[in-house]
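Asks: The structure file my_file-v7.pdb (PDB, C-alpha atoms, pLDDT in the B column) is provided below.
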ATOM      1  CA  MET A   1       0.000   0.000   0.000  1.00 66.00           C
ATOM      2  CA  ASN A   2       1.267   3.479  -0.880  1.00 75.00           C
ATOM      3  CA  ASP A   3       1.391   5.734   2.201  1.00 81.00           C
ATOM      4  CA  GLN A   4       1.968   8.967   0.259  1.00 89.00           C
ATOM      5  CA  LYS A   5      -0.747  11.606   0.507  1.00 92.00           C
ATOM      6  CA  VAL A   6      -2.486  12.766  -2.653  1.00 93.00           C
ATOM      7  CA  GLN A   7      -1.426  16.366  -3.305  1.00 92.00           C
ATOM      8  CA  ARG A   8      -4.225  18.821  -4.106  1.00 92.00           C
ATOM      9  CA  ARG A   9      -3.541  22.452  -4.987  1.00 92.00           C
ATOM     10  CA  GLN A  10      -6.396  24.853  -5.677  1.00 93.00           C
ATOM     11  CA  LEU A  11      -5.907  26.637  -9.006  1.00 93.00           C
ATOM     12  CA  LEU A  12      -9.126  28.643  -9.079  1.00 92.00           C
ATOM     13  CA  LEU A  13     -12.284  29.183  -7.071  1.00 90.00           C
ATOM     14  CA  ALA A  14     -14.993  30.735  -9.260  1.00 89.00           C
ATOM     15  CA  ALA A  15     -18.486  31.691  -8.083  1.00 85.00           C
ATOM     16  CA  LEU A  16     -20.835  30.651 -10.901  1.00 82.00           C
ATOM     17  CA  SER A  17     -23.815  32.693  -9.659  1.00 76.00           C
ATOM     18  CA  ASN A  18     -26.320  29.836  -9.588  1.00 68.00           C
ATOM     19  CA  HIS A  19     -26.060  28.917 -13.292  1.00 74.00           C
ATOM     20  CA  ASN A  20     -27.694  25.735 -14.531  1.00 87.00           C
ATOM     21  CA  VAL A  21     -25.170  23.548 -16.324  1.00 91.00           C
ATOM     22  CA  THR A  22     -26.474  20.690 -18.459  1.00 91.00           C
ATOM     23  CA  THR A  23     -23.333  20.014 -20.522  1.00 94.00           C
ATOM     24  CA  ALA A  24     -19.614  20.632 -20.272  1.00 94.00           C
ATOM     25  CA  ASP A  25     -17.827  21.014 -23.625  1.00 96.00           C
ATOM     26  CA  ILE A  26     -14.058  20.748 -23.086  1.00 97.00           C
ATOM     27  CA  ARG A  27     -11.728  21.948 -25.855  1.00 97.00           C
ATOM     28  CA  GLU A  28      -7.958  22.059 -26.302  1.00 98.00           C
ATOM     29  CA  ILE A  29      -7.079  25.317 -28.070  1.00 97.00           C
ATOM     30  CA  HIS A  30      -3.727  26.202 -29.634  1.00 98.00           C
ATOM     31  CA  LEU A  31      -2.564  29.754 -30.360  1.00 98.00           C
ATOM     32  CA  GLU A  32       0.453  30.471 -32.521  1.00 98.00           C
ATOM     33  CA  PRO A  33       3.128  32.922 -31.346  1.00 98.00           C
ATOM     34  CA  GLY A  34       1.559  36.360 -30.900  1.00 97.00           C
ATOM     35  CA  GLN A  35      -1.925  35.150 -31.918  1.00 97.00           C
ATOM     36  CA  GLN A  36      -4.830  36.942 -30.210  1.00 96.00           C
ATOM     37  CA  SER A  37      -8.461  35.828 -30.014  1.00 92.00           C
ATOM     38  CA  GLY A  38     -10.013  39.250 -30.555  1.00 91.00           C
ATOM     39  CA  ARG A  39     -12.692  40.998 -28.500  1.00 96.00           C
ATOM     40  CA  HIS A  40     -15.438  38.518 -27.641  1.00 97.00           C
ATOM     41  CA  LEU A  41     -17.862  37.142 -25.082  1.00 97.00           C
ATOM     42  CA  HIS A  42     -19.216  33.746 -24.197  1.00 96.00           C
ATOM     43  CA  PRO A  43     -22.965  33.147 -23.695  1.00 95.00           C
ATOM     44  CA  CYS A  44     -21.923  30.492 -21.166  1.00 95.00           C
ATOM     45  CA  ALA A  45     -19.435  30.506 -18.301  1.00 94.00           C
ATOM     46  CA  VAL A  46     -15.946  29.307 -19.244  1.00 96.00           C
ATOM     47  CA  LEU A  47     -13.225  27.908 -17.017  1.00 96.00           C
ATOM     48  CA  GLY A  48      -9.751  27.640 -18.496  1.00 97.00           C
ATOM     49  CA  TYR A  49      -6.351  26.150 -17.798  1.00 98.00           C
ATOM     50  CA  ILE A  50      -3.091  27.240 -19.440  1.00 98.00           C
ATOM     51  CA  ALA A  51      -1.391  23.963 -20.379  1.00 98.00           C
ATOM     52  CA  GLU A  52       1.629  25.370 -22.228  1.00 98.00           C
ATOM     53  CA  GLY A  53       3.073  28.834 -22.762  1.00 98.00           C
ATOM     54  CA  THR A  54       1.805  32.118 -21.354  1.00 98.00           C
ATOM     55  CA  ALA A  55      -1.469  33.913 -22.010  1.00 98.00           C
ATOM     56  CA  VAL A  56      -2.590  37.500 -21.634  1.00 98.00           C
ATOM     57  CA  TYR A  57      -6.152  37.911 -20.418  1.00 96.00           C
ATOM     58  CA  GLN A  58      -8.328  40.952 -19.795  1.00 97.00           C
ATOM     59  CA  ILE A  59     -11.965  41.373 -18.930  1.00 96.00           C
ATOM     60  CA  GLU A  60     -13.091  44.720 -20.347  1.00 96.00           C
ATOM     61  CA  GLY A  61     -12.552  47.490 -17.783  1.00 96.00           C
ATOM     62  CA  GLU A  62     -10.218  45.406 -15.610  1.00 97.00           C
ATOM     63  CA  PRO A  63      -6.403  45.181 -15.536  1.00 97.00           C
ATOM     64  CA  LEU A  64      -4.543  42.953 -17.981  1.00 96.00           C
ATOM     65  CA  GLN A  65      -3.393  39.668 -16.438  1.00 97.00           C
ATOM     66  CA  THR A  66      -0.482  37.448 -17.480  1.00 98.00           C
ATOM     67  CA  LEU A  67      -1.212  33.745 -17.030  1.00 98.00           C
ATOM     68  CA  PRO A  68       1.787  31.364 -17.149  1.00 98.00           C
ATOM     69  CA  ALA A  69       1.431  27.618 -17.735  1.00 98.00           C
ATOM     70  CA  GLY A  70      -0.386  26.024 -14.807  1.00 98.00           C
ATOM     71  CA  SER A  71      -2.700  29.017 -14.288  1.00 97.00           C
ATOM     72  CA  ALA A  72      -6.482  28.795 -14.316  1.00 97.00           C
ATOM     73  CA  PHE A  73      -8.964  31.511 -15.286  1.00 97.00           C
ATOM     74  CA  TYR A  74     -12.709  32.195 -15.327  1.00 95.00           C
ATOM     75  CA  GLU A  75     -14.689  34.026 -17.994  1.00 95.00           C
ATOM     76  CA  PRO A  76     -18.217  34.780 -16.755  1.00 93.00           C
ATOM     77  CA  ALA A  77     -21.128  34.403 -19.166  1.00 93.00           C
ATOM     78  CA  ASN A  78     -21.947  37.484 -21.255  1.00 95.00           C
ATOM     79  CA  VAL A  79     -18.961  39.495 -20.011  1.00 96.00           C
ATOM     80  CA  ILE A  80     -16.772  41.124 -22.665  1.00 97.00           C
ATOM     81  CA  ILE A  81     -13.267  39.713 -22.912  1.00 97.00           C
ATOM     82  CA  ALA A  82     -11.246  42.643 -24.228  1.00 96.00           C
ATOM     83  CA  ASN A  83      -8.066  40.641 -24.731  1.00 93.00           C
ATOM     84  CA  PHE A  84      -7.043  36.984 -24.671  1.00 97.00           C
ATOM     85  CA  GLY A  85      -4.033  35.673 -26.500  1.00 97.00           C
ATOM     86  CA  ASN A  86      -0.554  34.286 -26.617  1.00 98.00           C
ATOM     87  CA  ALA A  87       1.869  36.509 -24.688  1.00 98.00           C
ATOM     88  CA  SER A  88       4.869  35.132 -26.581  1.00 98.00           C
ATOM     89  CA  SER A  89       5.991  36.273 -30.022  1.00 98.00           C
ATOM     90  CA  SER A  90       8.136  33.136 -30.438  1.00 98.00           C
ATOM     91  CA  ASP A  91       6.450  30.184 -28.677  1.00 98.00           C
ATOM     92  CA  PRO A  92       3.010  28.598 -29.125  1.00 98.00           C
ATOM     93  CA  MET A  93       0.452  28.519 -26.315  1.00 98.00           C
ATOM     94  CA  THR A  94      -2.112  25.825 -25.480  1.00 98.00           C
ATOM     95  CA  PHE A  95      -5.041  26.112 -23.126  1.00 98.00           C
ATOM     96  CA  ILE A  96      -7.972  23.946 -22.147  1.00 98.00           C
ATOM     97  CA  ALA A  97     -11.399  25.609 -22.145  1.00 97.00           C
ATOM     98  CA  PHE A  98     -14.298  24.147 -20.160  1.00 97.00           C
ATOM     99  CA  TYR A  99     -17.523  25.608 -21.605  1.00 96.00           C
ATOM    100  CA  LEU A 100     -20.332  25.195 -19.034  1.00 95.00           C
ATOM    101  CA  LEU A 101     -23.459  25.049 -21.169  1.00 95.00           C
ATOM    102  CA  ASN A 102     -27.140  25.251 -20.308  1.00 91.00           C
ATOM    103  CA  GLY A 103     -28.854  23.571 -23.226  1.00 90.00           C
ATOM    104  CA  ASP A 104     -27.900  24.382 -26.813  1.00 92.00           C
ATOM    105  CA  GLN A 105     -25.636  27.467 -26.662  1.00 92.00           C
ATOM    106  CA  GLU A 106     -22.969  28.891 -28.921  1.00 93.00           C
ATOM    107  CA  LEU A 107     -19.477  28.807 -27.434  1.00 95.00           C
ATOM    108  CA  ILE A 108     -18.212  32.246 -28.459  1.00 95.00           C
ATOM    109  CA  ARG A 109     -19.534  35.473 -29.986  1.00 95.00           C
ATOM    110  CA  MET A 110     -16.932  37.679 -31.669  1.00 95.00           C
ATOM    111  CA  LEU A 111     -17.386  41.438 -31.188  1.00 95.00           C
ATOM    112  CA  ASP A 112     -16.224  44.528 -33.036  1.00 88.00           C
ATOM    113  CA  THR A 113     -13.275  46.385 -31.584  1.00 78.00           C
ATOM    114  CA  ASN A 114     -13.998  49.727 -29.894  1.00 64.00           C
TER     115      ASN A 114
END
Take the structure in the file and give it back as structure tokens.

Replies:
Amino acid sequence: MNDQKVQRRQLLLAALSNHNVTTADIREIHLEPGQQSGRHLHPCAVLGYIAEGTAVYQIEGEPLQTLPAGSAFYEPANVIIANFGNASSSDPMTFIAFYLLNGDQELIRMLDTN
């Protein structure tokens, strides 16, 4: 029998504001060096995990965050994401997105830049 304790480290605690979740759609997403997603929102809540590389992330009106590999993030439903992309101009970035859906919803809605 292995006597070692299982190690658990909290990466993120996100209050989901009593959303109903019927489906979780989990996607691995790759961004090339310098690639940005563009201004957008999600009709559903999204949890994310940076698997490789470093991301930049900004909810509109809030400070820009830098998220190295191993970081987790939360994008609330219907909140504008002003910036999300690969922080590196030379290395790719991979993240895992957990879309928390309530019924049949689109995953992302691209918006015009202001």

Asks: Ranking A:Asp91, A:Glu32, A:Asp25, A:Glu75 by minimum distance to Gln58 in chain A and counting all atoms listed in the file, which one comes first?

Replies: A:Glu75

Asks: Applying 12 Å and only C-alpha atoms, which residues near range 96-105 of chain A remain after dropping the ones on its own chain fewer than 3 positions away? List them as a ChimeraX atom specification.

Replies: /A:16,18-31,42-52,55,69-78,93,108-109

Asks: In Å, with one decimal, what is the gap from CA of Leu111 in chain A to CA of Leu67 in chain A?

Replies: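 One can read the CA of Leu111 in chain A to CA of Leu67 in chain A distance as 22.8 Å.
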
Asks: How many Å separate CA of Pro63 in chain A from CA of Ala82 in chain A?

Replies: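 Here the two named atoms are 10.3 Å from each other.
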
Asks: Could you state the separation of CA of His40 in chain A and CA of Ser89 in chain A in Å, given to one decimal place?

Replies: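 Separation between CA of His40 in chain A and CA of Ser89 in chain A: 21.7 Å.
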
Asks: Run through the PyMOL selection byres ((chain A and resi 64) around 12) on the given coordinates and return the selected residues as a list in words.

Replies: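 With the shown file as input, the PyMOL selection byres ((chain A and resi 64) around 12) matches Ala55, Val56, Tyr57, Gln58, Ile59, Glu60, Gly61, Glu62, Pro63, Gln65, Thr66, Leu67, Ile81, Ala82, Asn83, Phe84, Gly85 and Ala87 of chain A.
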
Asks: Could you work out an axis-aligned bounding box for all listed atoms of range 106-114 of chain A, with 8 Å added on each of the six sides, and give its centre and edge lengths in Å to one decimal, as lines of an AutoDock Vina configuration file?

Replies:
center_x = -18.1
center_y = 39.3
center_z = -30.2
size_x = 25.7
size_y = 36.9
size_z = 21.6
